[in-house]
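*Asks:* Sharing run_35.txt, compact mmCIF, C-alpha atoms:
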# COMPACT_ATOMS: atom_id res chain seq x y z
CA MET A 10 55.01 146.64 157.09
CA GLY A 11 56.50 148.96 154.48
CA ALA A 12 60.04 148.88 153.15
CA ASN A 13 60.85 152.32 154.54
CA GLU A 14 59.71 151.23 158.00
CA LEU A 15 61.70 148.01 157.80
CA LEU A 16 64.82 149.90 156.73
CA ALA A 17 64.34 152.30 159.63
CA ASP A 18 64.68 149.31 161.97
CA LEU A 19 68.22 148.81 160.66
CA THR A 20 69.44 152.39 160.93
CA ALA A 21 71.65 151.91 163.99
CA LEU A 22 73.04 148.45 163.17
CA GLY A 23 76.70 148.54 162.18
CA ARG A 24 76.68 152.30 161.74
CA ASN A 25 79.96 154.21 161.90
CA PRO A 26 80.40 157.73 163.35
CA ASP A 27 80.56 159.24 159.84
CA GLY A 28 77.22 157.69 158.90
CA GLY A 29 78.54 154.76 156.87
CA TYR A 30 77.94 151.11 157.66
CA THR A 31 80.36 148.27 158.34
CA ARG A 32 78.54 144.96 158.37
CA LEU A 33 81.01 142.21 157.57
CA ALA A 34 80.15 138.54 157.32
CA TRP A 35 79.62 136.88 160.68
CA ASP A 36 80.47 140.01 162.71
CA ASP A 37 78.27 141.25 165.58
CA ALA A 38 76.26 143.63 163.39
CA THR A 39 75.56 140.97 160.78
CA MET A 40 74.54 138.44 163.42
CA THR A 41 72.05 140.98 164.78
CA LEU A 42 70.78 141.54 161.25
CA ARG A 43 70.24 137.81 160.86
CA GLU A 44 68.12 137.85 164.01
CA TRP A 45 66.18 140.81 162.61
CA PHE A 46 65.52 138.96 159.34
CA ALA A 47 64.27 135.87 161.14
CA GLY A 48 62.00 137.96 163.35
CA ALA A 49 60.57 140.07 160.51
CA ALA A 50 59.89 136.95 158.43
CA ALA A 51 58.26 135.17 161.38
CA ASP A 52 56.01 138.19 161.94
CA LEU A 53 54.71 137.60 158.40
CA GLY A 54 54.06 133.95 159.13
CA LEU A 55 56.96 132.79 156.96
CA GLU A 56 58.93 129.64 157.74
CA VAL A 57 62.61 130.54 158.18
CA THR A 58 65.29 128.01 157.22
CA GLU A 59 69.07 128.25 156.99
CA ASP A 60 71.50 126.25 154.91
CA GLY A 61 75.01 125.23 155.87
CA ASN A 62 76.45 128.35 154.24
CA GLY A 63 74.58 130.79 156.45
CA ASN A 64 72.04 131.72 153.77
CA GLN A 65 68.65 132.40 155.37
CA VAL A 66 65.47 131.66 153.41
CA ALA A 67 61.94 132.56 154.55
CA TRP A 68 59.17 130.54 152.86
CA TRP A 69 55.52 131.33 152.13
CA ARG A 70 54.01 127.95 151.41
CA ALA A 71 50.39 126.92 151.05
CA ALA A 72 48.54 123.69 150.38
CA GLY A 73 48.15 122.61 146.78
CA GLN A 74 51.15 124.45 145.36
CA ALA A 75 52.63 122.15 142.72
CA ASN A 76 55.03 124.59 141.03
CA ARG A 77 58.58 125.32 142.01
CA ALA A 78 59.16 128.45 144.06
CA LEU A 79 59.77 132.10 143.21
CA LEU A 80 62.75 133.42 145.16
CA LEU A 81 63.23 137.09 146.08
CA GLY A 82 65.83 138.79 148.24
CA SER A 83 69.35 140.13 148.46
CA HIS A 84 71.87 140.47 151.32
CA LEU A 85 72.36 142.40 154.56
CA ASP A 86 76.16 142.65 154.81
CA SER A 87 78.10 145.68 153.54
CA VAL A 88 81.52 146.78 152.47
CA PRO A 89 83.52 148.67 155.13
CA ASP A 90 81.93 152.11 155.59
CA GLY A 91 79.29 151.35 152.98
CA GLY A 92 75.86 152.77 152.37
CA PRO A 93 72.53 151.89 153.98
CA LEU A 94 70.75 150.37 150.97
CA ASP A 95 73.16 148.08 149.09
CA GLY A 96 71.60 144.77 150.03
CA PRO A 97 69.09 145.73 152.75
CA LEU A 98 66.84 147.51 150.24
CA GLY A 99 66.28 144.25 148.37
CA VAL A 100 65.56 142.25 151.51
CA ALA A 101 63.23 144.88 153.01
CA SER A 102 61.39 145.38 149.71
CA ALA A 103 60.81 141.65 149.31
CA LEU A 104 59.39 141.37 152.82
CA ALA A 105 57.24 144.46 152.25
CA ALA A 106 55.90 143.09 148.96
CA LEU A 107 54.85 139.84 150.63
CA ALA A 108 53.30 141.74 153.52
CA GLY A 109 51.15 143.71 151.10
CA LEU A 110 50.14 140.64 149.13
CA LYS A 111 49.22 138.75 152.27
CA ALA A 112 47.14 141.68 153.52
CA SER A 113 45.30 141.84 150.19
CA GLY A 114 44.32 138.17 150.39
CA TRP A 115 46.27 137.23 147.26
CA ALA A 116 46.99 133.49 147.05
CA PRO A 117 50.15 132.39 145.20
CA SER A 118 50.14 129.36 142.94
CA ARG A 119 53.71 128.52 143.91
CA PRO A 120 55.81 128.90 147.07
CA ILE A 121 57.34 132.36 147.47
CA ALA A 122 60.64 132.71 149.34
CA VAL A 123 62.82 135.59 150.51
CA ALA A 124 66.58 135.07 150.86
CA ASN A 125 69.21 136.84 152.92
CA PHE A 126 72.40 135.65 151.24
CA SER A 127 75.51 135.46 153.39
CA ASP A 128 78.63 137.53 152.61
CA GLU A 129 77.63 138.99 149.26
CA GLU A 130 80.17 141.81 149.44
CA GLY A 131 83.20 139.68 150.27
CA GLY A 132 84.41 142.44 152.57
CA ARG A 133 85.83 140.05 155.16
CA PHE A 134 87.18 137.01 153.30
CA GLY A 135 87.89 138.55 149.89
CA VAL A 136 85.49 136.54 147.73
CA ALA A 137 82.25 138.22 146.73
CA CYS A 138 78.89 136.41 146.77
CA LEU A 139 80.36 133.70 148.95
CA GLY A 140 77.01 132.42 150.23
CA SER A 141 75.51 132.04 146.76
CA ARG A 142 78.77 130.67 145.33
CA LEU A 143 78.77 127.94 147.96
CA ALA A 144 75.08 127.21 147.47
CA THR A 145 75.47 126.79 143.70
CA GLY A 146 78.83 125.00 143.82
CA ALA A 147 80.65 127.90 142.15
CA ILE A 148 83.26 127.56 144.91
CA THR A 149 84.11 124.36 146.74
CA ARG A 150 83.51 124.00 150.45
CA ASP A 151 87.18 123.36 151.21
CA ALA A 152 88.34 126.41 149.22
CA ALA A 153 85.79 128.64 150.93
CA LEU A 154 86.43 127.42 154.46
CA ALA A 155 90.18 128.01 154.03
CA LEU A 156 89.71 131.72 153.20
CA ARG A 157 91.12 133.99 155.90
CA ASP A 158 90.26 137.49 157.06
CA ASP A 159 92.75 140.22 157.94
CA GLU A 160 93.02 138.86 161.48
CA GLY A 161 94.11 135.45 160.18
CA SER A 162 90.88 133.64 161.08
CA SER A 163 89.53 131.23 158.49
CA LEU A 164 85.91 131.18 157.42
CA GLY A 165 85.58 127.72 158.92
CA GLU A 166 86.89 128.94 162.27
CA VAL A 167 84.60 131.98 162.25
CA MET A 168 81.53 129.91 161.41
CA ALA A 169 82.33 127.42 164.17
CA ALA A 170 82.78 130.25 166.66
CA ARG A 171 79.27 131.44 165.76
CA GLY A 172 77.83 127.98 166.39
CA HIS A 173 77.60 126.87 162.74
CA ASP A 174 79.04 123.55 161.61
CA PRO A 175 81.41 124.36 158.73
CA ARG A 176 81.13 120.77 157.50
CA ALA A 177 77.54 121.54 156.50
CA ALA A 178 78.67 124.17 153.98
CA GLY A 179 78.41 123.46 150.27
CA VAL A 180 75.85 122.95 147.52
CA ALA A 181 72.36 123.74 148.82
CA SER A 182 69.57 121.33 147.93
CA TRP A 183 66.89 123.98 148.46
CA LEU A 184 67.91 125.72 145.24
CA ASP A 185 66.50 122.75 143.31
CA ASP A 186 63.07 123.92 144.45
CA ILE A 187 63.45 127.38 142.86
CA GLU A 188 62.02 128.31 139.44
CA TYR A 189 62.99 132.00 139.30
CA TYR A 190 65.08 134.45 141.31
CA ILE A 191 64.28 138.18 141.30
CA GLU A 192 66.61 140.59 143.10
CA LEU A 193 65.76 144.24 143.73
CA HIS A 194 68.75 146.50 144.34
CA ILE A 195 69.67 150.14 144.71
CA GLU A 196 71.01 151.53 141.44
CA GLN A 197 74.81 151.70 141.47
CA GLY A 198 75.63 154.56 139.18
CA ARG A 199 73.35 157.29 137.93
CA TRP A 200 71.35 156.39 134.86
CA LEU A 201 67.73 156.30 136.00
CA ALA A 202 67.56 159.87 137.35
CA PRO A 203 68.49 161.61 134.06
CA HIS A 204 66.01 159.34 132.29
CA GLN A 205 63.28 160.18 134.81
CA ALA A 206 62.63 156.56 135.76
CA ALA A 207 62.17 155.33 139.34
CA VAL A 208 62.74 151.66 138.50
CA GLY A 209 64.82 149.87 135.88
CA VAL A 210 65.45 146.27 134.82
CA ALA A 211 68.93 144.76 134.49
CA SER A 212 70.12 143.39 131.18
CA ALA A 213 73.53 142.03 132.13
CA ILE A 214 76.43 142.13 134.59
CA TRP A 215 79.89 142.98 133.36
CA PRO A 216 82.68 140.41 133.77
CA HIS A 217 84.82 141.31 136.74
CA GLY A 218 87.47 140.01 139.10
CA ARG A 219 89.61 140.66 142.17
CA TYR A 220 93.36 140.23 141.88
CA ARG A 221 96.02 140.25 144.59
CA PHE A 222 99.36 141.93 143.86
CA ASP A 223 102.31 141.24 146.19
CA PHE A 224 105.19 143.68 145.67
CA CYS A 225 108.32 142.58 147.57
CA GLY A 226 111.56 144.45 148.20
CA GLN A 227 114.04 145.12 151.00
CA GLY A 228 112.95 146.71 154.25
CA ASN A 229 115.41 149.31 155.48
CA HIS A 230 115.86 152.53 157.42
CA ALA A 231 114.10 155.55 155.88
CA GLY A 232 116.78 157.98 157.01
CA ALA A 233 119.97 155.97 156.65
CA THR A 234 119.40 154.40 153.22
CA ALA A 235 120.39 156.41 150.18
CA MET A 236 117.69 156.75 147.52
CA ALA A 237 119.88 154.99 144.95
CA ASP A 238 120.41 152.01 147.26
CA ARG A 239 116.75 151.26 147.91
CA ARG A 240 114.59 148.36 146.77
CA ASP A 241 111.28 149.96 147.70
CA PRO A 242 108.18 148.01 146.58
CA MET A 243 105.99 151.06 147.14
CA LEU A 244 107.34 152.59 143.93
CA ALA A 245 106.18 149.71 141.71
CA TYR A 246 102.85 149.70 143.50
CA ALA A 247 102.39 153.43 142.87
CA ALA A 248 103.31 153.03 139.21
CA THR A 249 100.80 150.19 138.91
CA VAL A 250 97.99 152.29 140.36
CA LEU A 251 98.65 154.98 137.77
CA ALA A 252 98.88 152.40 134.99
CA ALA A 253 95.56 150.86 136.05
CA ARG A 254 93.88 154.24 135.80
CA GLU A 255 95.37 154.92 132.38
CA LEU A 256 94.61 151.51 130.89
CA ALA A 257 91.02 151.60 132.12
CA VAL A 258 90.50 154.94 130.40
CA ASP A 259 92.12 153.96 127.13
CA ARG A 260 90.77 150.97 125.23
CA VAL A 261 93.52 148.34 125.07
CA GLU A 262 92.99 146.23 121.99
CA ASN A 263 94.74 144.87 118.92
CA ARG A 264 98.12 145.05 120.60
CA PRO A 265 100.19 141.85 120.68
CA GLN A 266 102.02 142.60 123.91
CA PHE A 267 102.28 145.04 126.78
CA GLY A 268 105.65 146.48 127.70
CA PRO A 269 107.19 149.50 129.40
CA PRO A 270 106.15 153.01 128.48
CA ALA A 271 107.87 154.35 125.38
CA ASP A 272 109.02 157.35 127.42
CA SER A 273 110.07 156.50 130.97
CA ARG A 274 109.15 160.01 132.12
CA ARG A 275 105.46 159.39 131.49
CA LEU A 276 102.96 156.58 130.98
CA ASP A 277 102.49 155.67 127.33
CA ARG A 278 98.83 155.51 126.32
CA MET A 279 99.33 152.02 124.94
CA GLY A 280 96.22 151.80 122.84
CA ASP A 281 94.48 153.09 119.79
CA GLY A 282 93.49 156.29 121.54
CA SER A 283 89.80 155.44 121.75
CA SER A 284 88.27 155.84 125.17
CA PHE A 285 86.28 153.33 127.12
CA GLY A 286 84.33 156.36 128.26
CA PRO A 287 81.82 155.90 131.06
CA VAL A 288 80.81 152.40 129.98
CA GLY A 289 83.96 150.53 128.94
CA ALA A 290 86.18 149.49 131.86
CA ARG A 291 86.94 150.00 135.52
CA ALA A 292 90.20 149.44 137.43
CA THR A 293 90.43 150.19 141.14
CA PHE A 294 93.04 149.60 143.82
CA GLY A 295 90.85 150.10 146.88
CA ARG A 296 92.75 148.11 149.47
CA VAL A 297 96.45 148.03 150.36
CA GLN A 298 98.56 146.60 153.19
CA VAL A 299 102.11 147.77 153.85
CA SER A 300 104.65 145.80 155.86
CA PRO A 301 106.04 146.58 158.34
CA GLY A 302 103.87 149.70 158.27
CA SER A 303 106.37 151.93 160.04
CA THR A 304 106.62 155.63 159.16
CA ASN A 305 110.41 155.63 159.32
CA SER A 306 110.93 152.34 157.48
CA ILE A 307 111.17 151.49 153.81
CA PRO A 308 108.51 148.82 153.21
CA SER A 309 109.55 145.24 152.64
CA ARG A 310 106.19 144.28 151.13
CA VAL A 311 103.16 146.02 149.68
CA THR A 312 100.06 143.89 149.12
CA ALA A 313 97.27 145.47 147.09
CA TRP A 314 94.01 144.27 145.62
CA LEU A 315 92.82 145.23 142.16
CA ASP A 316 89.13 145.26 141.27
CA ALA A 317 88.86 145.14 137.47
CA ARG A 318 85.74 145.18 135.30
CA ALA A 319 84.92 145.65 131.63
CA ASP A 320 81.99 145.43 129.26
CA ALA A 321 83.32 142.26 127.59
CA GLU A 322 85.56 139.41 128.68
CA PRO A 323 88.31 140.02 126.08
CA ALA A 324 88.49 143.65 127.18
CA LEU A 325 88.80 142.58 130.83
CA GLU A 326 91.55 140.09 130.00
CA ALA A 327 93.45 142.74 128.04
CA LEU A 328 93.02 145.28 130.83
CA VAL A 329 94.34 142.94 133.54
CA ALA A 330 97.19 141.71 131.34
CA GLY A 331 98.24 145.29 130.68
CA ILE A 332 98.19 146.19 134.38
CA VAL A 333 100.19 143.09 135.30
CA ALA A 334 102.75 143.84 132.59
CA ARG A 335 103.18 147.39 133.84
CA ALA A 336 103.59 146.10 137.42
CA GLN A 337 106.27 143.63 136.32
CA TRP A 338 108.10 146.28 134.31
CA ALA A 339 108.05 148.76 137.20
CA ALA A 340 109.21 146.15 139.73
CA ALA A 341 112.07 145.00 137.51
CA GLY A 342 113.28 148.57 137.17
CA ASP A 343 113.32 149.04 140.95
CA GLY A 344 115.00 145.73 141.81
CA THR A 345 111.81 144.45 143.42
CA THR A 346 109.42 141.64 142.50
CA VAL A 347 105.70 141.27 142.02
CA THR A 348 103.45 138.23 142.01
CA VAL A 349 99.79 138.30 141.02
CA ARG A 350 96.95 135.88 141.59
CA ALA A 351 93.23 136.06 140.91
CA GLU A 352 91.25 135.68 144.12
CA SER A 353 87.83 135.63 142.46
CA THR A 354 86.57 136.11 138.92
CA SER A 355 83.12 136.20 137.36
CA GLY A 356 82.36 136.04 133.67
CA ALA A 357 79.79 138.17 131.89
CA VAL A 358 76.21 137.39 132.89
CA GLU A 359 73.30 137.91 130.52
CA PHE A 360 70.11 137.76 132.52
CA ASP A 361 67.46 135.41 131.13
CA HIS A 362 66.21 137.23 128.03
CA GLN A 363 62.65 135.98 128.15
CA LEU A 364 62.27 136.76 131.84
CA ARG A 365 63.84 140.22 131.74
CA HIS A 366 61.81 141.29 128.70
CA ARG A 367 58.64 139.95 130.31
CA ILE A 368 59.33 142.02 133.43
CA ALA A 369 60.37 145.14 131.52
CA GLY A 370 57.16 144.97 129.52
CA LEU A 371 55.08 144.40 132.62
CA LEU A 372 56.58 147.41 134.37
CA ASP A 373 57.13 149.58 131.27
CA ALA A 374 60.64 150.06 132.66
CA PRO A 375 63.98 150.80 130.94
CA VAL A 376 66.60 148.08 130.65
CA LEU A 377 70.23 148.81 131.58
CA PRO A 378 73.44 146.88 132.31
CA THR A 379 75.39 147.02 135.55
CA GLY A 380 79.08 146.94 136.33
CA ALA A 381 78.42 145.62 139.84
CA GLY A 382 78.29 141.95 140.83
CA HIS A 383 75.31 140.43 142.63
CA ASP A 384 74.03 137.12 143.95
CA ALA A 385 71.67 137.17 140.96
CA GLY A 386 74.69 136.88 138.71
CA ILE A 387 75.82 133.73 140.50
CA LEU A 388 72.36 132.14 140.53
CA ALA A 389 71.96 132.92 136.82
CA ALA A 390 74.19 129.92 136.04
CA LYS A 391 71.61 127.64 137.68
CA LEU A 392 68.17 129.17 137.03
CA PRO A 393 66.41 132.11 135.32
CA THR A 394 67.15 135.32 137.20
CA ALA A 395 66.33 138.99 136.82
CA MET A 396 67.07 142.23 138.67
CA LEU A 397 65.23 145.47 139.38
CA PHE A 398 67.04 148.71 140.16
CA VAL A 399 65.66 151.58 142.25
CA ARG A 400 66.74 155.10 141.32
CA ASN A 401 69.78 156.47 143.16
CA PRO A 402 69.80 160.26 142.65
CA THR A 403 73.42 160.70 143.74
CA GLY A 404 74.74 157.72 141.81
CA VAL A 405 76.96 157.00 144.85
CA SER A 406 77.17 153.45 146.22
CA HIS A 407 79.49 151.66 148.65
CA ALA A 408 79.63 154.97 150.56
CA PRO A 409 77.48 156.79 153.13
CA GLU A 410 75.94 159.08 150.48
CA GLU A 411 74.11 156.15 148.87
CA SER A 412 70.40 157.00 148.89
CA ALA A 413 66.94 156.63 147.43
CA ALA A 414 63.87 158.77 147.98
CA PRO A 415 61.16 157.14 150.15
CA GLU A 416 58.70 157.39 147.27
CA ASP A 417 61.14 155.63 144.95
CA ILE A 418 61.59 152.86 147.49
CA GLU A 419 57.82 152.42 147.52
CA ALA A 420 57.82 152.44 143.72
CA GLY A 421 60.35 149.61 143.88
CA VAL A 422 58.10 147.64 146.23
CA ASP A 423 55.14 148.23 143.92
CA ALA A 424 57.17 147.01 140.94
CA LEU A 425 58.34 143.95 142.82
CA THR A 426 54.77 143.24 143.91
CA LYS A 427 53.63 143.27 140.27
CA VAL A 428 56.41 140.86 139.38
CA VAL A 429 55.41 138.49 142.18
CA GLU A 430 51.77 138.60 141.05
CA GLU A 431 52.89 137.90 137.48
CA LEU A 432 55.22 135.00 138.27
CA GLY A 433 53.69 133.67 141.48
Translate the structure described by the file into C-alpha cells.
*Replies:*
Amino acid sequence: MGANELLADLTALGRNPDGGYTRLAWDDATMTLREWFAGAAADLGLEVTEDGNGNQVAWWRAAGQANRALLLGSHLDSVPDGGPLDGPLGVASALAALAGLKASGWAPSRPIAVANFSDEEGGRFGVACLGSRLATGAITRDAALALRDDEGSSLGEVMAARGHDPRAAGVASWLDDIEYYIELHIEQGRWLAPHQAAVGVASAIWPHGRYRFDFCGQGNHAGATAMADRRDPMLAYAATVLAARELAVDRVENRPQFGPPADSRRLDRMGDGSSFGPVGARATFGRVQVSPGSTNSIPSRVTAWLDARADAEPALEALVAGIVARAQWAAAGDGTTVTVRAESTSGAVEFDHQLRHRIAGLLDAPVLPTGAGHDAGILAAKLPTAMLFVRNPTGVSHAPEESAAPEDIEAGVDALTKVVEELG
C-alpha cells in the first residue's frame, strides 16, 4: 500500500472539469473521502474512531504500550478548485508509512495514530482548521456551530443533516493521549527544488488572518444614474485591492498613522521604501460577493475577504491597519461606508525547537518557514508538533497545477517512516 497508489484511489473524487478539486467540508465528495479513509485504515488493521467535530483518527495499538501516542496525518478537504495533494498527501503518506512498518514486523513502543482532520481549509464556513480548532478549544463549540456557508446553512445544521450530533462538538479528550504530532505536507511555494532537496522540515508558520470587508452604498440604475451622483461601493473595494497589493510589497513600519495617498491620482508608497520581497508579507482578496449582482445595476453592497500574512505579528498588524485605513479613506471619498471584522486569526507558530532539530538531523534535511496555515499550527499550542514538506517543482498550490514527482512522494514516505521509527 504505497502513497502513490493510495492517492490514485482519490483521483476522481471531487474533481472538476478543469482538473482541480472541490472538496468542501461535509459535502458529498468529502463524505466519500471519509469512507475511503475508514476503509483504508481498516485494511491496515487500525481502529478508526471519530470525535464530535468530525475528526477521524485511526489507531495502531498493541499490548504493553505505556507511552502516549504519536499522531500523524493531515486533511482531505480542499479549497474550491484546489490541487490534488494539499492534505491528501499527508494522509496517504501516513497510511503508507504504517503499512510499510507493519509489513516489516516493526513493533512500536507507543500507540501510533493517523488523523484526517475535518475542514482544514475553511473553504465552506470561512474558518480554517476548524476541526483542530474545535478539538483543542481554540474556537468554542457555539461559535463554530453558528458559522454559515454561502447557502445560509450553519455548521450545526450541516452536521445534523449528515447524521452527526452537533452537541458532541468541542474539546476532544483523545488529544490528551498524544505525545507528538507530525504532519507531512506538499510544499507550498518553491524553495526545495532550487536547493535540490526532496524533503524539508518546517521551522515556523507565519501569523495570518482572514478579514471580512463590507462596502455599502446605494444601489441604482447603471444607465440612468449620472457618474457624479453615484455611491458605488465597488470603487472603494477596487481601491482597497490595489492598496493591499502595494502595502504588502512595501514594508510598512515606523509610521504613526495611515491616511490617504499624498497624491490622489496614485497610491502613495506609505513606507520607508524597503521591500518585503518574497518573504515579508502577503495580502490577497480572493473572494468577493456583489449585491444585487446585476450587470445593469450599481451595486448596493460589496463583501470581500482579505487573507493577510506576514513574517512577524507587528508587521501583520501594520499591514492590516494600513489596508483598513485605505478602505475607510476610499469609502469616505465616494460617499460609501466600510466595516471590517476579523473572521479568524492565528499568531506566529514556532514549531517545537527540540523536535524539529531532532527530525532535521535525522533526515539531514533543510529547515524552512511556511506562510501557509496547517492543523499542526493549531496543535502546536497543546503539544510538540513538527512538519515535513515534500518538494513541489512548480511551487503552485491551491490550484490544479499543484504536483510532486512520484519518487519525491516516496521519499516523503521514507522520511516519515524514519521519523516514526525514531519517535515511536
*Asks:* In Å, with one decimal, what is the gap from CA of Met243 (chain A) to CA of Ser306 (chain A)?
*Replies:*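 Going from CA of Met243 (chain A) over to CA of Ser306 (chain A), I get 11.5 Å.
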*Asks:* What does the distance from CA of Ala339 (chain A) to CA of Ile307 (chain A) come to in Å, to one decimal?
*Replies:*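 Result for CA of Ala339 (chain A) versus CA of Ile307 (chain A): 17.1 Å, one decimal.
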*Asks:* Could you state the separation of CA of His230 (chain A) and CA of Ala341 (chain A) in Å, given to one decimal place?
*Replies:*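 Interatomic distance, CA of His230 (chain A) to CA of Ala341 (chain A): 21.6 Å.
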*Asks:* Go ahead and find all residues with at least one atom no further than 9 Å from (75.3, 137.3, 130.9) in the file's coordinates, using only C-alpha atoms; report them as a list in words.
*Replies:* Ser212, Ala213, Ile214, Trp215, Pro216, Gly356, Ala357, Val358, Glu359, Phe360, Asp361, Gly386 and Ala389 of chain A
*Asks:* Find the residues around region 373-382 of chain A up to 9 Å (all atoms listed in the file counted), leave out those fewer than 5 positions away in its own chain, and share them as a PyMOL selection string.
*Replies:* chain A and resi 129-130+137-138+196-198+200-201+204+206-217+288+290-291+318-320+355+365-366+368+387
*Asks:* Compare A:Thr426, A:Ser83, A:Thr293, A:Gln65 by their minimum atom-to-atom distance to Asp95 (chain A), counting all atoms listed in the file, and give me the closest one.
*Replies:*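 Looking only at the distances to Asp95 (chain A), the closest residue turns out to be A:Ser83.
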*Asks:* Considering all atoms listed in the file, return as a PDB file with C-alpha atoms, in the coordinates of the input whatever protein or nucleic-acid residues lie within 10 Å of region 112-123 of chain A, sequence-local ones (same chain, fewer than 5 positions apart) excluded.
*Replies:*
ATOM      1  CA  MET A  10      55.010 146.640 157.090  1.00  0.00           C
ATOM      2  CA  PHE A  46      65.520 138.960 159.340  1.00  0.00           C
ATOM      3  CA  ALA A  50      59.890 136.950 158.430  1.00  0.00           C
ATOM      4  CA  LEU A  53      54.710 137.600 158.400  1.00  0.00           C
ATOM      5  CA  LEU A  55      56.960 132.790 156.960  1.00  0.00           C
ATOM      6  CA  GLU A  56      58.930 129.640 157.740  1.00  0.00           C
ATOM      7  CA  VAL A  57      62.610 130.540 158.180  1.00  0.00           C
ATOM      8  CA  GLN A  65      68.650 132.400 155.370  1.00  0.00           C
ATOM      9  CA  VAL A  66      65.470 131.660 153.410  1.00  0.00           C
ATOM     10  CA  ALA A  67      61.940 132.560 154.550  1.00  0.00           C
ATOM     11  CA  TRP A  68      59.170 130.540 152.860  1.00  0.00           C
ATOM     12  CA  TRP A  69      55.520 131.330 152.130  1.00  0.00           C
ATOM     13  CA  ARG A  70      54.010 127.950 151.410  1.00  0.00           C
ATOM     14  CA  ALA A  71      50.390 126.920 151.050  1.00  0.00           C
ATOM     15  CA  ALA A  72      48.540 123.690 150.380  1.00  0.00           C
ATOM     16  CA  GLY A  73      48.150 122.610 146.780  1.00  0.00           C
ATOM     17  CA  GLN A  74      51.150 124.450 145.360  1.00  0.00           C
ATOM     18  CA  ALA A  75      52.630 122.150 142.720  1.00  0.00           C
ATOM     19  CA  ASN A  76      55.030 124.590 141.030  1.00  0.00           C
ATOM     20  CA  ARG A  77      58.580 125.320 142.010  1.00  0.00           C
ATOM     21  CA  ALA A  78      59.160 128.450 144.060  1.00  0.00           C
ATOM     22  CA  LEU A  79      59.770 132.100 143.210  1.00  0.00           C
ATOM     23  CA  LEU A  80      62.750 133.420 145.160  1.00  0.00           C
ATOM     24  CA  LEU A  81      63.230 137.090 146.080  1.00  0.00           C
ATOM     25  CA  GLY A  82      65.830 138.790 148.240  1.00  0.00           C
ATOM     26  CA  SER A  83      69.350 140.130 148.460  1.00  0.00           C
ATOM     27  CA  GLY A  99      66.280 144.250 148.370  1.00  0.00           C
ATOM     28  CA  VAL A 100      65.560 142.250 151.510  1.00  0.00           C
ATOM     29  CA  ALA A 101      63.230 144.880 153.010  1.00  0.00           C
ATOM     30  CA  SER A 102      61.390 145.380 149.710  1.00  0.00           C
ATOM     31  CA  ALA A 103      60.810 141.650 149.310  1.00  0.00           C
ATOM     32  CA  LEU A 104      59.390 141.370 152.820  1.00  0.00           C
ATOM     33  CA  ALA A 106      55.900 143.090 148.960  1.00  0.00           C
ATOM     34  CA  LEU A 107      54.850 139.840 150.630  1.00  0.00           C
ATOM     35  CA  ASP A 186      63.070 123.920 144.450  1.00  0.00           C
ATOM     36  CA  ILE A 187      63.450 127.380 142.860  1.00  0.00           C
ATOM     37  CA  GLU A 188      62.020 128.310 139.440  1.00  0.00           C
ATOM     38  CA  TYR A 189      62.990 132.000 139.300  1.00  0.00           C
ATOM     39  CA  TYR A 190      65.080 134.450 141.310  1.00  0.00           C
ATOM     40  CA  ILE A 191      64.280 138.180 141.300  1.00  0.00           C
ATOM     41  CA  GLU A 192      66.610 140.590 143.100  1.00  0.00           C
ATOM     42  CA  VAL A 429      55.410 138.490 142.180  1.00  0.00           C
ATOM     43  CA  GLU A 430      51.770 138.600 141.050  1.00  0.00           C
ATOM     44  CA  GLU A 431      52.890 137.900 137.480  1.00  0.00           C
ATOM     45  CA  LEU A 432      55.220 135.000 138.270  1.00  0.00           C
ATOM     46  CA  GLY A 433      53.690 133.670 141.480  1.00  0.00           C
TER      47      GLY A 433
END
*Asks:* Around the point (96.2, 149.0, 135.0) (coordinates from the file), which residues reach within 9 Å if we count all atoms listed in the file? Answer as a ChimeraX atom specification.
*Replies:* /A:249-257,292-293,315,317,328-336
*Asks:* Here is a test: counting only C-alpha atoms, which residue of A:Val349, A:Asp417, A:Trp338, A:Ala231 is nearest to Ser303 (chain A)?
*Replies:* A:Ala231
*Asks:* Neighbouring residues of Gly302 (chain A) were defined as those with any atom within 12 Å, considering all atoms listed in the file; residues of the same chain fewer than 6 positions away were excluded. Please report them as a PyMOL selection string.
*Replies:* chain A and resi 228-229+243+308-312
*Asks:* What lies within 12 Å of Gly172 (chain A) using all atoms listed in the file, ignoring chain neighbours under 4 positions off, as a ChimeraX atom specification?
*Replies:* /A:35,40,61,63,165-168,176-177
*Asks:* Please complete region 340-348 of chain A with N, CA and C atoms and give it back as a tab-separated table (two decimals), in the frame of the given file.
*Replies:*
chain	number	residue	atom	x	y	z
A	340	ALA	N	108.47	146.87	138.69
A	340	ALA	CA	109.21	146.15	139.73
A	340	ALA	C	110.62	145.80	139.27
A	341	ALA	N	110.74	145.35	138.03
A	341	ALA	CA	112.07	145.00	137.51
A	341	ALA	C	112.99	146.22	137.51
A	342	GLY	N	112.46	147.37	137.20
A	342	GLY	CA	113.28	148.57	137.17
A	342	GLY	C	113.73	149.03	138.54
A	343	ASP	N	112.99	148.64	139.58
A	343	ASP	CA	113.32	149.04	140.95
A	343	ASP	C	114.08	147.97	141.73
A	344	GLY	N	114.34	146.82	141.09
A	344	GLY	CA	115.00	145.73	141.81
A	344	GLY	C	114.09	145.04	142.80
A	345	THR	N	112.78	145.13	142.57
A	345	THR	CA	111.81	144.45	143.42
A	345	THR	C	111.11	143.38	142.59
A	346	THR	N	110.17	142.68	143.20
A	346	THR	CA	109.42	141.64	142.50
A	346	THR	C	107.94	141.84	142.72
A	347	VAL	N	107.15	141.25	141.85
A	347	VAL	CA	105.70	141.27	142.02
A	347	VAL	C	105.13	139.93	141.59
A	348	THR	N	104.21	139.42	142.37
A	348	THR	CA	103.45	138.23	142.01
A	348	THR	C	101.97	138.60	142.04
